[in-house]
Protein chains: 2
Amino acid sequence: MAIDHGADPARVLPLLWRTSNRTSYGHRLSVERIVDQAVEIADAHGLERLTMRTVAQGLSVGTMSLYTHVPGKPELYALMVDHVIGEDLHPVAANTNWRNALADIARNDRDRYLRHPWLLDLIAFRPACGPNVTAKYERDLSALVDTGLTVAEINATVMTLSVFVQGAARSQVSLRTAHAAGFSDADWWQAHKPYWSQLLDPEHYPTIRRVFDDAGRSDPDAEHEFSFEFGLTRLLDGIEMHLQLRSQ
Amino acid sequence: MAIDHGADPARVLPLLWRTSNRTSYGHRLSVERIVDQAVEIADAHGLERLTMRTVAQGLSVGTMSLYTHVPGKPELYALMVDHVIGEDLHPVAANTNWRNALADIARNDRDRYLRHPWLLDLIAFRPACGPNVTAKYERDLSALVDTGLTVAEINATVMTLSVFVQGAARSQVSLRTAHAAGFSDADWWQAHKPYWSQLLDPEHYPTIRRVFDDAGRSDPDAEHEFSFEFGLTRLLDGIEMHLQLRSQ
DNA sequence: TACGCTTCCGTACATCGTACGGAAGCGTAC
DNA sequence: GTACGCTTCCGTACGATGTACGGAAGCGTA
């Protein structure tokens with residue numbers, strides 16, 4: 001599913017920052033309740049099951065009632081993103097170095113993606129600047145601000161790291177959802193078997209052949225864990241190397 | 001839009017490897033023509049405009065005629081992915097080292113994403129193993145096979161690199177499409193201005209403030225180019241460091 | 001000429017986001 | 001108390017999309 005194009009900033013920003021004026025008397029509905037319900041559905045059943053109708057049903061209201069509080073679905077998406085980014089924004093420990101800070105941020109982000117896999121689909125586009133997104137950006141930048149890197153380098157570093165975490169999480173999540181959908185590894189091998197004969201032929205694909213011969217079939221989650229830590233360490237090493245050369 | 005869940009392997013693999021038997025007499029339609037048309041539409045107008053109806057119209061056939069050759073839309077997506085991955089799979093230069101090989105692959109991949117932005121939406125899930133995807137995988141692995149890395153490390157390295165390239169390209173593409181859709185930087189600033197007062201307040205967001213004060217507003221594409229090369233260099237440095245420690 | 005397989009496609013339906021207009025609830029002014 | 005007006009709530013309906021179904025048309029072969 002190509003995810004929806006971005007929300008209209010003029011409509012979503014007041015919502016994100018909650019600057020709209022609320023009326024005094026009671027509401028059955030509120031932006032908070034709608035967003036909570038949407039997140040709950042997406043967590044439990046994936047983005048495919050998140051429709052305006054299912055959200056409304058979960059809140060026992062008519063579908064169109066949602067539109068009194070939320071302009072449309074793209075805006076709801078933006079609210080969901082800002083919401084879950086805010087749920088574990090613990091500040092970086094004060095007495096730590098940039099390397100530990102970045103590693104903390106990376107693991108923190110990855111955990112969030114594993115908790116809310118749908119988030120990976122919704123941040124393909126640059127997220128709207130809600131309060132939590134902004135606070136996170138502030139925190140990420142501050143981890144590097146005293147390292148001597150230029151502003152462009154700080155931005156590039158933060159982007160590289162966040163992009164790496166997203167990709168690693170995406171890889172892990174897509175395997176998990178495939179399993180959850182009933183596609184086991186055995187099924188996968190079974191479906192591919194007719195083509196493996198060619199694939200595993202050393203003349204056609206010698207390197208794949210070597211890699212598969214050598215691969216101990218271990219726990220997929222453990223493999224992803226290893227890949228994540230391996231890539232993270234390489235990245236941090238590369239940054240550290242740059243800083244050392246810079247400071248000489 | 002959350003992109004469609006994966007295609008059924010049992011249905012898409014014979015298509016990808018073109019092992020289905022064709023009849024003898026002439027066809028108005030073929031898998032190739034359908035995929036070409038789909039790629040053309042996605043390139044020109046984005047994934048949103050790619051519908052079974054638009055593809056059929058582009059080929060001057062009835063919508064349902066497509067289903068004689070392609071089981072459904074997820075399978076069409078898989079075919080598109082394998083198709084464009086195959087279009088510039090030049091082999092790695094024989095007499096080069098792993099570092100140049102990886103850098104070549106990274107830039108090659110990035111160019112493809114910029115040429116076919118929709119590809120970023122379609123490979124969020126592990127792509128089906130078509131002939132071109134497999135060939136690319138073979139090529140990517142072979143760049144690292146003689147470095148002394150373990151198989152798990154080779155896999156992790158390839159994943160880290162490809163994930164970085166995807167993310168960097170995604171960032172650049174999302175900014176480009178925003179511009180193409182008529183959202184200029186000025187519009188963006190204008191929409192955010194009411195919130196900037198708080199945002200640029202040093203008490204709330206001191207680091208963002210410093211970064212923005214310091215940032216020379218340069219060409220966005222140039223910024224992305226810098227970020228890409230910066231991240232790539234850090235990553236390759238990190239890998240090289242690991243190899244040197246390993247070889248001692 | 002008749003048969004059978006493949007290709008082509010018109011119709012129809014379920015599902016989605018959401019425009020529109022009306023009904024109901026609530027505070028306020030008289 | 002009663003009328004007014006704003007906000008909230010929501011039933012109906014429409015257009016877009018993927019695709020199931022069954023029929024029509026094309027082609028090779030017996």
# chains A, B, ... in the order shown; residues from 1 in each chain; ligands from 1

call {"tool": "calpha_fit_and_write", "arguments": {"fixed": "chain B", "moving": "chain A", "output": "PDB file with C-alpha atoms, in the first residue's frame"}}
result
ATOM      1  CA  MET A   1      -0.826   4.615   2.242  1.00  0.00           C
ATOM      2  CA  ALA A   2       0.140   1.440   3.865  1.00  0.00           C
ATOM      3  CA  ILE A   3       1.380  -0.484   0.900  1.00  0.00           C
ATOM      4  CA  ASP A   4      -0.217  -3.788   0.090  1.00  0.00           C
ATOM      5  CA  HIS A   5       0.891  -6.834   1.929  1.00  0.00           C
ATOM      6  CA  GLY A   6       3.055  -9.227   0.042  1.00  0.00           C
ATOM      7  CA  ALA A   7       2.038 -11.210  -2.953  1.00  0.00           C
ATOM      8  CA  ASP A   8       1.340 -14.900  -2.756  1.00  0.00           C
ATOM      9  CA  PRO A   9       4.716 -16.576  -3.464  1.00  0.00           C
ATOM     10  CA  ALA A  10       3.095 -19.540  -5.133  1.00  0.00           C
ATOM     11  CA  ARG A  11       1.475 -17.254  -7.653  1.00  0.00           C
ATOM     12  CA  VAL A  12       4.200 -14.701  -8.171  1.00  0.00           C
ATOM     13  CA  LEU A  13       7.267 -16.887  -8.516  1.00  0.00           C
ATOM     14  CA  PRO A  14       6.253 -18.589 -11.774  1.00  0.00           C
ATOM     15  CA  LEU A  15       5.483 -15.156 -13.138  1.00  0.00           C
ATOM     16  CA  LEU A  16       8.773 -13.669 -12.033  1.00  0.00           C
ATOM     17  CA  TRP A  17      10.756 -16.491 -13.537  1.00  0.00           C
ATOM     18  CA  ARG A  18       8.478 -16.642 -16.585  1.00  0.00           C
ATOM     19  CA  THR A  19       8.016 -20.382 -16.293  1.00  0.00           C
ATOM     20  CA  SER A  20       4.365 -20.339 -17.279  1.00  0.00           C
ATOM     21  CA  ASN A  21       3.614 -21.806 -20.664  1.00  0.00           C
ATOM     22  CA  ARG A  22       2.540 -19.338 -23.292  1.00  0.00           C
ATOM     23  CA  THR A  23       0.049 -20.195 -25.977  1.00  0.00           C
ATOM     24  CA  SER A  24       1.155 -20.087 -29.525  1.00  0.00           C
ATOM     25  CA  TYR A  25      -1.099 -17.531 -31.140  1.00  0.00           C
ATOM     26  CA  GLY A  26      -0.821 -13.788 -30.858  1.00  0.00           C
ATOM     27  CA  HIS A  27      -1.670 -11.730 -27.822  1.00  0.00           C
ATOM     28  CA  ARG A  28      -2.638  -8.147 -27.576  1.00  0.00           C
ATOM     29  CA  LEU A  29      -1.388  -8.257 -24.016  1.00  0.00           C
ATOM     30  CA  SER A  30       1.603  -9.717 -22.239  1.00  0.00           C
ATOM     31  CA  VAL A  31       3.165  -9.569 -18.803  1.00  0.00           C
ATOM     32  CA  GLU A  32       5.964  -7.455 -20.215  1.00  0.00           C
ATOM     33  CA  ARG A  33       3.665  -4.875 -21.716  1.00  0.00           C
ATOM     34  CA  ILE A  34       1.638  -4.633 -18.531  1.00  0.00           C
ATOM     35  CA  VAL A  35       4.709  -4.205 -16.355  1.00  0.00           C
ATOM     36  CA  ASP A  36       6.217  -1.627 -18.714  1.00  0.00           C
ATOM     37  CA  GLN A  37       3.025   0.378 -18.677  1.00  0.00           C
ATOM     38  CA  ALA A  38       2.748   0.151 -14.888  1.00  0.00           C
ATOM     39  CA  VAL A  39       6.314   1.357 -14.426  1.00  0.00           C
ATOM     40  CA  GLU A  40       5.726   4.198 -16.849  1.00  0.00           C
ATOM     41  CA  ILE A  41       2.667   5.373 -14.948  1.00  0.00           C
ATOM     42  CA  ALA A  42       4.335   5.072 -11.566  1.00  0.00           C
ATOM     43  CA  ASP A  43       7.387   6.975 -12.798  1.00  0.00           C
ATOM     44  CA  ALA A  44       5.322   9.742 -14.315  1.00  0.00           C
ATOM     45  CA  HIS A  45       2.544  10.166 -11.771  1.00  0.00           C
ATOM     46  CA  GLY A  46       3.409   8.196  -8.672  1.00  0.00           C
ATOM     47  CA  LEU A  47       1.981   5.058  -7.148  1.00  0.00           C
ATOM     48  CA  GLU A  48      -1.314   6.799  -6.317  1.00  0.00           C
ATOM     49  CA  ARG A  49      -2.152   7.052  -9.997  1.00  0.00           C
ATOM     50  CA  LEU A  50      -1.214   3.444 -10.644  1.00  0.00           C
ATOM     51  CA  THR A  51      -4.498   1.575 -10.696  1.00  0.00           C
ATOM     52  CA  MET A  52      -5.562  -1.417 -12.682  1.00  0.00           C
ATOM     53  CA  ARG A  53      -7.843   0.882 -14.628  1.00  0.00           C
ATOM     54  CA  THR A  54      -5.137   3.369 -15.584  1.00  0.00           C
ATOM     55  CA  VAL A  55      -2.823   0.568 -16.666  1.00  0.00           C
ATOM     56  CA  ALA A  56      -5.555  -0.921 -18.816  1.00  0.00           C
ATOM     57  CA  GLN A  57      -6.427   2.456 -20.313  1.00  0.00           C
ATOM     58  CA  GLY A  58      -2.791   3.090 -21.166  1.00  0.00           C
ATOM     59  CA  LEU A  59      -2.798  -0.196 -23.062  1.00  0.00           C
ATOM     60  CA  SER A  60      -6.237   0.417 -24.594  1.00  0.00           C
ATOM     61  CA  VAL A  61      -7.694  -2.770 -23.197  1.00  0.00           C
ATOM     62  CA  GLY A  62     -10.428  -3.578 -20.729  1.00  0.00           C
ATOM     63  CA  THR A  63      -9.498  -3.505 -17.088  1.00  0.00           C
ATOM     64  CA  MET A  64     -10.227  -7.135 -16.456  1.00  0.00           C
ATOM     65  CA  SER A  65      -8.043  -8.256 -19.310  1.00  0.00           C
ATOM     66  CA  LEU A  66      -5.042  -7.613 -17.125  1.00  0.00           C
ATOM     67  CA  TYR A  67      -6.093 -10.414 -14.826  1.00  0.00           C
ATOM     68  CA  THR A  68      -5.515 -12.959 -17.532  1.00  0.00           C
ATOM     69  CA  HIS A  69      -1.801 -12.249 -17.293  1.00  0.00           C
ATOM     70  CA  VAL A  70      -1.357 -11.014 -13.741  1.00  0.00           C
ATOM     71  CA  PRO A  71      -3.105 -12.553 -10.733  1.00  0.00           C
ATOM     72  CA  GLY A  72      -3.567  -9.279  -8.900  1.00  0.00           C
ATOM     73  CA  LYS A  73      -2.055  -5.990  -7.908  1.00  0.00           C
ATOM     74  CA  PRO A  74       0.431  -7.231  -5.290  1.00  0.00           C
ATOM     75  CA  GLU A  75       1.862  -9.537  -7.936  1.00  0.00           C
ATOM     76  CA  LEU A  76       2.100  -6.639 -10.363  1.00  0.00           C
ATOM     77  CA  TYR A  77       4.043  -4.746  -7.727  1.00  0.00           C
ATOM     78  CA  ALA A  78       6.483  -7.634  -7.361  1.00  0.00           C
ATOM     79  CA  LEU A  79       6.986  -7.743 -11.114  1.00  0.00           C
ATOM     80  CA  MET A  80       7.661  -4.025 -11.231  1.00  0.00           C
ATOM     81  CA  VAL A  81      10.286  -4.316  -8.511  1.00  0.00           C
ATOM     82  CA  ASP A  82      12.163  -7.113 -10.204  1.00  0.00           C
ATOM     83  CA  HIS A  83      11.899  -5.293 -13.505  1.00  0.00           C
ATOM     84  CA  VAL A  84      13.527  -2.037 -12.456  1.00  0.00           C
ATOM     85  CA  ILE A  85      16.159  -3.782 -10.371  1.00  0.00           C
ATOM     86  CA  GLY A  86      17.205  -5.540 -13.537  1.00  0.00           C
ATOM     87  CA  GLU A  87      17.570  -2.414 -15.604  1.00  0.00           C
ATOM     88  CA  ASP A  88      21.014  -1.384 -14.384  1.00  0.00           C
ATOM     89  CA  LEU A  89      22.640  -4.417 -12.914  1.00  0.00           C
ATOM     90  CA  HIS A  90      26.090  -3.841 -14.287  1.00  0.00           C
ATOM     91  CA  PRO A  91      28.578  -6.175 -12.632  1.00  0.00           C
ATOM     92  CA  VAL A  92      31.110  -4.864 -10.173  1.00  0.00           C
ATOM     93  CA  ALA A  93      34.395  -3.994 -11.842  1.00  0.00           C
ATOM     94  CA  ALA A  94      36.671  -6.994 -11.535  1.00  0.00           C
ATOM     95  CA  ASN A  95      39.828  -5.301 -10.357  1.00  0.00           C
ATOM     96  CA  THR A  96      38.455  -3.266  -7.497  1.00  0.00           C
ATOM     97  CA  ASN A  97      38.477  -3.562  -3.740  1.00  0.00           C
ATOM     98  CA  TRP A  98      35.489  -4.169  -1.501  1.00  0.00           C
ATOM     99  CA  ARG A  99      35.250  -0.504  -0.525  1.00  0.00           C
ATOM    100  CA  ASN A 100      34.907   0.806  -4.032  1.00  0.00           C
ATOM    101  CA  ALA A 101      32.552  -2.017  -4.861  1.00  0.00           C
ATOM    102  CA  LEU A 102      30.247  -1.158  -1.968  1.00  0.00           C
ATOM    103  CA  ALA A 103      30.335   2.546  -2.796  1.00  0.00           C
ATOM    104  CA  ASP A 104      29.443   1.735  -6.398  1.00  0.00           C
ATOM    105  CA  ILE A 105      26.540  -0.404  -5.286  1.00  0.00           C
ATOM    106  CA  ALA A 106      25.303   2.264  -2.914  1.00  0.00           C
ATOM    107  CA  ARG A 107      25.362   5.022  -5.537  1.00  0.00           C
ATOM    108  CA  ASN A 108      23.868   2.694  -8.108  1.00  0.00           C
ATOM    109  CA  ASP A 109      21.006   1.863  -5.756  1.00  0.00           C
ATOM    110  CA  ARG A 110      20.437   5.461  -4.855  1.00  0.00           C
ATOM    111  CA  ASP A 111      20.217   6.504  -8.485  1.00  0.00           C
ATOM    112  CA  ARG A 112      17.608   3.841  -9.067  1.00  0.00           C
ATOM    113  CA  TYR A 113      15.517   5.081  -6.152  1.00  0.00           C
ATOM    114  CA  LEU A 114      15.680   8.626  -7.452  1.00  0.00           C
ATOM    115  CA  ARG A 115      14.658   7.405 -10.878  1.00  0.00           C
ATOM    116  CA  HIS A 116      11.819   5.240  -9.512  1.00  0.00           C
ATOM    117  CA  PRO A 117      10.739   6.763  -6.201  1.00  0.00           C
ATOM    118  CA  TRP A 118       7.811   4.365  -5.888  1.00  0.00           C
ATOM    119  CA  LEU A 119      10.335   1.560  -5.480  1.00  0.00           C
ATOM    120  CA  LEU A 120      10.897   2.774  -1.932  1.00  0.00           C
ATOM    121  CA  ASP A 121       7.290   2.030  -1.084  1.00  0.00           C
ATOM    122  CA  LEU A 122       7.325  -1.401  -2.635  1.00  0.00           C
ATOM    123  CA  ILE A 123      10.448  -2.818  -1.023  1.00  0.00           C
ATOM    124  CA  ALA A 124       9.382  -2.055   2.515  1.00  0.00           C
ATOM    125  CA  PHE A 125       8.620  -5.734   2.563  1.00  0.00           C
ATOM    126  CA  ARG A 126      11.197  -8.267   1.646  1.00  0.00           C
ATOM    127  CA  PRO A 127      10.983  -8.482  -2.109  1.00  0.00           C
ATOM    128  CA  ALA A 128      10.011 -11.744  -3.738  1.00  0.00           C
ATOM    129  CA  CYS A 129      13.006 -13.595  -5.133  1.00  0.00           C
ATOM    130  CA  GLY A 130      12.757 -12.828  -8.814  1.00  0.00           C
ATOM    131  CA  PRO A 131      15.676 -13.354 -11.177  1.00  0.00           C
ATOM    132  CA  ASN A 132      16.919  -9.783 -10.992  1.00  0.00           C
ATOM    133  CA  VAL A 133      16.530  -9.476  -7.253  1.00  0.00           C
ATOM    134  CA  THR A 134      18.490 -12.687  -6.906  1.00  0.00           C
ATOM    135  CA  ALA A 135      21.190 -11.519  -9.295  1.00  0.00           C
ATOM    136  CA  LYS A 136      21.561  -8.304  -7.363  1.00  0.00           C
ATOM    137  CA  TYR A 137      21.806 -10.178  -4.104  1.00  0.00           C
ATOM    138  CA  GLU A 138      24.495 -12.358  -5.626  1.00  0.00           C
ATOM    139  CA  ARG A 139      26.398  -9.299  -6.770  1.00  0.00           C
ATOM    140  CA  ASP A 140      26.095  -7.491  -3.440  1.00  0.00           C
ATOM    141  CA  LEU A 141      27.301 -10.492  -1.483  1.00  0.00           C
ATOM    142  CA  SER A 142      30.184 -11.167  -3.838  1.00  0.00           C
ATOM    143  CA  ALA A 143      31.646  -7.742  -3.099  1.00  0.00           C
ATOM    144  CA  LEU A 144      32.346  -8.860   0.451  1.00  0.00           C
ATOM    145  CA  VAL A 145      32.950 -12.543   0.149  1.00  0.00           C
ATOM    146  CA  ASP A 146      36.726 -12.371   0.129  1.00  0.00           C
ATOM    147  CA  THR A 147      37.191  -9.912   2.933  1.00  0.00           C
ATOM    148  CA  GLY A 148      37.400 -12.417   5.762  1.00  0.00           C
ATOM    149  CA  LEU A 149      34.049 -11.435   7.239  1.00  0.00           C
ATOM    150  CA  THR A 150      31.830 -14.208   8.545  1.00  0.00           C
ATOM    151  CA  VAL A 151      28.626 -15.001   6.717  1.00  0.00           C
ATOM    152  CA  ALA A 152      26.559 -13.308   9.396  1.00  0.00           C
ATOM    153  CA  GLU A 153      28.736 -10.235   9.133  1.00  0.00           C
ATOM    154  CA  ILE A 154      28.448 -10.163   5.365  1.00  0.00           C
ATOM    155  CA  ASN A 155      24.693 -10.330   5.594  1.00  0.00           C
ATOM    156  CA  ALA A 156      24.607  -7.659   8.255  1.00  0.00           C
ATOM    157  CA  THR A 157      26.874  -5.402   6.223  1.00  0.00           C
ATOM    158  CA  VAL A 158      24.842  -5.717   3.059  1.00  0.00           C
ATOM    159  CA  MET A 159      21.667  -5.070   4.993  1.00  0.00           C
ATOM    160  CA  THR A 160      23.100  -2.060   6.790  1.00  0.00           C
ATOM    161  CA  LEU A 161      24.290  -0.508   3.578  1.00  0.00           C
ATOM    162  CA  SER A 162      21.115  -1.105   1.606  1.00  0.00           C
ATOM    163  CA  VAL A 163      19.018   0.150   4.462  1.00  0.00           C
ATOM    164  CA  PHE A 164      21.073   3.304   4.700  1.00  0.00           C
ATOM    165  CA  VAL A 165      20.728   3.967   0.986  1.00  0.00           C
ATOM    166  CA  GLN A 166      16.988   3.427   1.136  1.00  0.00           C
ATOM    167  CA  GLY A 167      16.586   5.843   3.973  1.00  0.00           C
ATOM    168  CA  ALA A 168      18.741   8.521   2.441  1.00  0.00           C
ATOM    169  CA  ALA A 169      16.902   8.229  -0.843  1.00  0.00           C
ATOM    170  CA  ARG A 170      13.549   8.270   0.913  1.00  0.00           C
ATOM    171  CA  SER A 171      14.432  11.484   2.634  1.00  0.00           C
ATOM    172  CA  GLN A 172      15.457  13.116  -0.612  1.00  0.00           C
ATOM    173  CA  VAL A 173      12.492  11.800  -2.538  1.00  0.00           C
ATOM    174  CA  SER A 174       9.923  12.916   0.010  1.00  0.00           C
ATOM    175  CA  LEU A 175      11.270  16.433  -0.192  1.00  0.00           C
ATOM    176  CA  ARG A 176      11.211  16.373  -3.958  1.00  0.00           C
ATOM    177  CA  THR A 177       7.652  15.134  -4.172  1.00  0.00           C
ATOM    178  CA  ALA A 178       6.559  17.741  -1.660  1.00  0.00           C
ATOM    179  CA  HIS A 179       8.044  20.383  -3.927  1.00  0.00           C
ATOM    180  CA  ALA A 180       6.514  18.810  -7.005  1.00  0.00           C
ATOM    181  CA  ALA A 181       3.129  18.872  -5.293  1.00  0.00           C
ATOM    182  CA  GLY A 182       3.431  22.599  -4.926  1.00  0.00           C
ATOM    183  CA  PHE A 183       4.552  22.764  -1.313  1.00  0.00           C
ATOM    184  CA  SER A 184       7.443  25.174  -1.433  1.00  0.00           C
ATOM    185  CA  ASP A 185       9.786  25.846   1.433  1.00  0.00           C
ATOM    186  CA  ALA A 186       8.138  29.226   1.787  1.00  0.00           C
ATOM    187  CA  ASP A 187       4.731  27.616   2.265  1.00  0.00           C
ATOM    188  CA  TRP A 188       6.172  25.289   4.804  1.00  0.00           C
ATOM    189  CA  TRP A 189       7.738  28.090   6.809  1.00  0.00           C
ATOM    190  CA  GLN A 190       4.561  30.101   6.525  1.00  0.00           C
ATOM    191  CA  ALA A 191       2.472  27.252   7.906  1.00  0.00           C
ATOM    192  CA  HIS A 192       4.884  26.647  10.755  1.00  0.00           C
ATOM    193  CA  LYS A 193       5.556  30.266  11.622  1.00  0.00           C
ATOM    194  CA  PRO A 194       2.940  30.494  14.381  1.00  0.00           C
ATOM    195  CA  TYR A 195       4.662  27.597  16.108  1.00  0.00           C
ATOM    196  CA  TRP A 196       8.209  28.642  15.374  1.00  0.00           C
ATOM    197  CA  SER A 197       8.020  31.376  17.943  1.00  0.00           C
ATOM    198  CA  GLN A 198       7.842  28.672  20.568  1.00  0.00           C
ATOM    199  CA  LEU A 199      10.078  26.369  18.616  1.00  0.00           C
ATOM    200  CA  LEU A 200      12.864  28.826  18.153  1.00  0.00           C
ATOM    201  CA  ASP A 201      12.661  29.923  21.709  1.00  0.00           C
ATOM    202  CA  PRO A 202      16.071  28.933  23.106  1.00  0.00           C
ATOM    203  CA  GLU A 203      14.530  27.949  26.403  1.00  0.00           C
ATOM    204  CA  HIS A 204      12.364  25.276  24.828  1.00  0.00           C
ATOM    205  CA  TYR A 205      14.561  24.040  22.010  1.00  0.00           C
ATOM    206  CA  PRO A 206      18.074  25.418  22.433  1.00  0.00           C
ATOM    207  CA  THR A 207      19.766  22.963  20.111  1.00  0.00           C
ATOM    208  CA  ILE A 208      17.301  23.307  17.266  1.00  0.00           C
ATOM    209  CA  ARG A 209      17.723  27.035  17.648  1.00  0.00           C
ATOM    210  CA  ARG A 210      21.495  26.770  17.323  1.00  0.00           C
ATOM    211  CA  VAL A 211      21.244  24.452  14.352  1.00  0.00           C
ATOM    212  CA  PHE A 212      18.858  26.713  12.497  1.00  0.00           C
ATOM    213  CA  ASP A 213      20.848  29.818  13.246  1.00  0.00           C
ATOM    214  CA  ASP A 214      23.914  28.126  11.895  1.00  0.00           C
ATOM    215  CA  ALA A 215      22.371  26.498   8.849  1.00  0.00           C
ATOM    216  CA  GLY A 216      23.103  28.231   5.592  1.00  0.00           C
ATOM    217  CA  ARG A 217      19.999  27.650   3.526  1.00  0.00           C
ATOM    218  CA  SER A 218      21.534  25.877   0.578  1.00  0.00           C
ATOM    219  CA  ASP A 219      20.131  23.739  -2.178  1.00  0.00           C
ATOM    220  CA  PRO A 220      18.173  20.841  -0.633  1.00  0.00           C
ATOM    221  CA  ASP A 221      19.493  18.389  -3.195  1.00  0.00           C
ATOM    222  CA  ALA A 222      23.027  19.452  -2.342  1.00  0.00           C
ATOM    223  CA  GLU A 223      22.290  18.947   1.347  1.00  0.00           C
ATOM    224  CA  HIS A 224      21.044  15.444   0.656  1.00  0.00           C
ATOM    225  CA  GLU A 225      24.053  14.746  -1.491  1.00  0.00           C
ATOM    226  CA  PHE A 226      26.292  15.778   1.377  1.00  0.00           C
ATOM    227  CA  SER A 227      24.367  13.703   3.903  1.00  0.00           C
ATOM    228  CA  PHE A 228      24.502  10.689   1.652  1.00  0.00           C
ATOM    229  CA  GLU A 229      28.240  10.851   1.056  1.00  0.00           C
ATOM    230  CA  PHE A 230      28.891  11.663   4.699  1.00  0.00           C
ATOM    231  CA  GLY A 231      26.889   8.710   5.981  1.00  0.00           C
ATOM    232  CA  LEU A 232      28.341   6.404   3.366  1.00  0.00           C
ATOM    233  CA  THR A 233      31.882   7.337   4.278  1.00  0.00           C
ATOM    234  CA  ARG A 234      31.202   6.836   7.996  1.00  0.00           C
ATOM    235  CA  LEU A 235      29.747   3.432   7.282  1.00  0.00           C
ATOM    236  CA  LEU A 236      32.600   2.296   5.085  1.00  0.00           C
ATOM    237  CA  ASP A 237      35.100   3.626   7.599  1.00  0.00           C
ATOM    238  CA  GLY A 238      33.404   1.628  10.315  1.00  0.00           C
ATOM    239  CA  ILE A 239      33.558  -1.517   8.238  1.00  0.00           C
ATOM    240  CA  GLU A 240      37.180  -0.939   7.337  1.00  0.00           C
ATOM    241  CA  MET A 241      38.051  -0.443  10.978  1.00  0.00           C
ATOM    242  CA  HIS A 242      36.421  -3.759  11.799  1.00  0.00           C
ATOM    243  CA  LEU A 243      38.364  -5.503   9.053  1.00  0.00           C
ATOM    244  CA  GLN A 244      41.647  -4.081  10.245  1.00  0.00           C
ATOM    245  CA  LEU A 245      41.055  -5.170  13.820  1.00  0.00           C
ATOM    246  CA  ARG A 246      39.956  -8.555  12.533  1.00  0.00           C
ATOM    247  CA  SER A 247      43.083  -9.086  10.446  1.00  0.00           C
ATOM    248  CA  GLN A 248      45.474  -8.294  13.238  1.00  0.00           C
TER     249      GLN A 248
END

call {"tool": "interface_residues", "arguments": {"of": "chain D", "to": "chain A", "cutoff": "12 Å", "atoms": "only C-alpha atoms (C1' of nucleotides)", "output": "MDAnalysis selection string"}}
result
chainID D and resid 6:12

call {"tool": "write_last_selection", "arguments": {"atoms": "C-alpha atoms (C1' of nucleotides)", "output": "CSV table (one decimal), in the first residue's frame"}}
result
chain,number,residue,atom,x,y,z
D,6,DC,C1',-23.0,27.3,17.7
D,7,DT,C1',-21.1,22.9,18.2
D,8,DT,C1',-21.4,18.0,18.1
D,9,DC,C1',-23.1,14.0,16.3
D,10,DC,C1',-24.3,11.0,12.3
D,11,DG,C1',-27.3,8.7,8.2
D,12,DT,C1',-27.1,8.7,3.5

call {"tool": "interface_residues", "arguments": {"of": "chain C", "to": "chain B", "cutoff": "8 Å", "atoms": "only C-alpha atoms (C1' of nucleotides)", "output": "PyMOL selection string"}}
result
chain C and resi 6-9

call {"tool": "select_by_dssp", "arguments": {"residues": "segment 2-244 of chain A", "states": "helix (DSSP H, G or I)", "output": "ChimeraX atom specification"}}
result
/A:9-16,31-45,47-49,52-58,63-68,73-88,98-115,119-122,131-142,151-180,185-199,206-214,220-244

call {"tool": "residues_around", "arguments": {"residues": "DC3 of chain C", "least_positions_apart": "2", "cutoff": "12 Å", "atoms": "only C-alpha atoms (C1' of nucleotides)", "output": "PyMOL selection string"}}
result
(chain C and resi 1+5) or (chain D and resi 28-30)

call {"tool": "write_last_selection", "arguments": {"atoms": "C-alpha atoms (C1' of nucleotides)", "output": "mmCIF file, in the first residue's frame"}}
result
data_model
loop_
_atom_site.group_PDB
_atom_site.id
_atom_site.type_symbol
_atom_site.label_atom_id
_atom_site.label_comp_id
_atom_site.auth_asym_id
_atom_site.auth_seq_id
_atom_site.Cartn_x
_atom_site.Cartn_y
_atom_site.Cartn_z
ATOM 1 C "C1'" DT C 1 -17.195 -27.913 -39.351
ATOM 2 C "C1'" DC C 5 -8.622 -23.908 -24.699
ATOM 3 C "C1'" DG D 28 -5.446 -24.300 -33.368
ATOM 4 C "C1'" DT D 29 -6.662 -28.878 -34.069
ATOM 5 C "C1'" DA D 30 -9.442 -33.029 -35.010
#

call {"tool": "residues_around", "arguments": {"residues": "DT11 of chain C", "least_positions_apart": "2", "cutoff": "10 Å", "atoms": "only C-alpha atoms (C1' of nucleotides)", "output": "tab-separated table (two decimals) with N, CA and C atoms (P, O5', C5', C4', C3', O3' and C1' of nucleotides), in the first residue's frame"}}
result
chain	number	residue	atom	x	y	z
C	9	DC	P	-10.17	-6.35	-24.64
C	9	DC	O5'	-11.43	-6.43	-23.68
C	9	DC	C5'	-12.69	-6.77	-24.22
C	9	DC	C4'	-13.70	-6.91	-23.12
C	9	DC	C3'	-13.70	-5.78	-22.07
C	9	DC	O3'	-15.03	-5.35	-21.88
C	9	DC	C1'	-13.81	-7.86	-21.04
C	13	DC	P	-24.69	-6.43	-7.71
C	13	DC	O5'	-23.59	-6.56	-6.58
C	13	DC	C5'	-22.83	-7.79	-6.50
C	13	DC	C4'	-21.63	-7.58	-5.60
C	13	DC	C3'	-21.91	-6.68	-4.39
C	13	DC	O3'	-21.39	-7.29	-3.23
C	13	DC	C1'	-20.02	-5.92	-5.56
D	21	DC	P	-15.87	-16.28	-7.62
D	21	DC	O5'	-16.84	-16.01	-8.85
D	21	DC	C5'	-17.90	-15.07	-8.71
D	21	DC	C4'	-18.58	-14.84	-10.04
D	21	DC	C3'	-18.54	-16.04	-11.00
D	21	DC	O3'	-19.86	-16.41	-11.34
D	21	DC	C1'	-17.91	-14.04	-12.11
D	22	DG	P	-20.13	-17.87	-12.02
D	22	DG	O5'	-20.72	-17.44	-13.43
D	22	DG	C5'	-21.48	-16.24	-13.52
D	22	DG	C4'	-21.44	-15.74	-14.95
D	22	DG	C3'	-21.45	-16.84	-16.02
D	22	DG	O3'	-22.36	-16.51	-17.05
D	22	DG	C1'	-19.61	-15.42	-16.35
